[in-house]
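See structure below.
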Amino acid sequence: MRRLARLLGLLGLAALVGSMPSSGQTRTIQVEGWEVRINERQPPEKVMEAIGVKPGMVVGEVGAGTGRATVWLADRVGAKGRVYANDIDEKALRRLAERCAREGLANVTTIVGTVDDPRLPAGTLDIAFMTNTYHHLEKPVDLVRNIRPALKPGGILAIVERDADRSVHKQEATRPEDFVKQMGEAGFEVVSVDKSMSEDNVYIAHPKASSR
């Protein structure tokens, strides 16, 4: 099945071709063909452990797209938690909502944002999360600055981004020093960097004390 999923993903087929067990072992998350390779590069369980996702949390995902990471986050936080899935692409968010309905995930709310404001609800998030999105942002500093008001006291910003110093995909990556600098300009301090994946870094950032 895994080989078939990879083959279909390479052919660009969007049909649901595989599945992976969820953390709670009570649900099987359906994996679309194109997602197989990226899930191998960024194992969802590994990422969620690295950023500290727990049951009952409220997570805001910026650049959620059609929900590759959203469904895993929603399953992990459970019925007592919530995921706010943001994107600027309304069509992608409609597909995400349909996917959540198929998966029986009723704890996801979609939000259409702008290039500089994700429009996440103020003071609600334990974690603001982003993966495979940062290098696409038109206005990264402005958008990240506008994430800050959505965090609860003690809330964190967690971003998974390809490391341009370690990946051959330079156009889809960011140099760590550039990332840290831009976070500072947006009012965040990077407090840890997990480099255990082959190409991707997991950055954890806190709002600067003077920016809270």
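In the structure tokens, each chain is lettered A, B, ... as it comes, each chain's residues begin at 1, and ligands are numbered from 1 in order of appearance.
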
| query | stretch 24-191 of chain A: which residues are strand (DSSP E or B) by DSSP, as a PyMOL selection string? | reply | chain A and resi 28-32+58-62+82-87+108-112+114+117+125-131+151-163+174+188-191

Tell me, counting only C-alpha atoms, for each residue of stretch 17-86 of chain A within 8 Å of stretch 187-210 of chain A, which pair of atoms is nearest and how far apart they are in Å to one decimal, in rows ordered by chain and increasing number, as a tab-separated table.
```
residue	atom	partner	partner_atom	distance
A:Arg41	CA	A:Ser198	CA	7.2
A:Gln42	CA	A:Met197	CA	7.1
A:Val47	CA	A:Val202	CA	7.7
A:Ala50	CA	A:Val202	CA	7.4
A:Ile51	CA	A:Ile204	CA	7.2
```

| said: When you look at A:Ile147 with a cut-off of 10 Å (counting only C-alpha atoms), what residues show up, excluding the ones that are within fewer than 4 positions of it in the same chain? I need them as number ranges by chain. | reply: A: 60, 62, 116-122, 125, 128-129, 142-143, 151, 157, 186, 207

| request: Write down as a PyMOL selection string the residues belonging to stretch 14-205 of chain A that are assigned alpha helix (DSSP H) by DSSP computed on the backbone. | output: chain A and resi 35-41+44-51+70-77+90-103+140-145+176-185
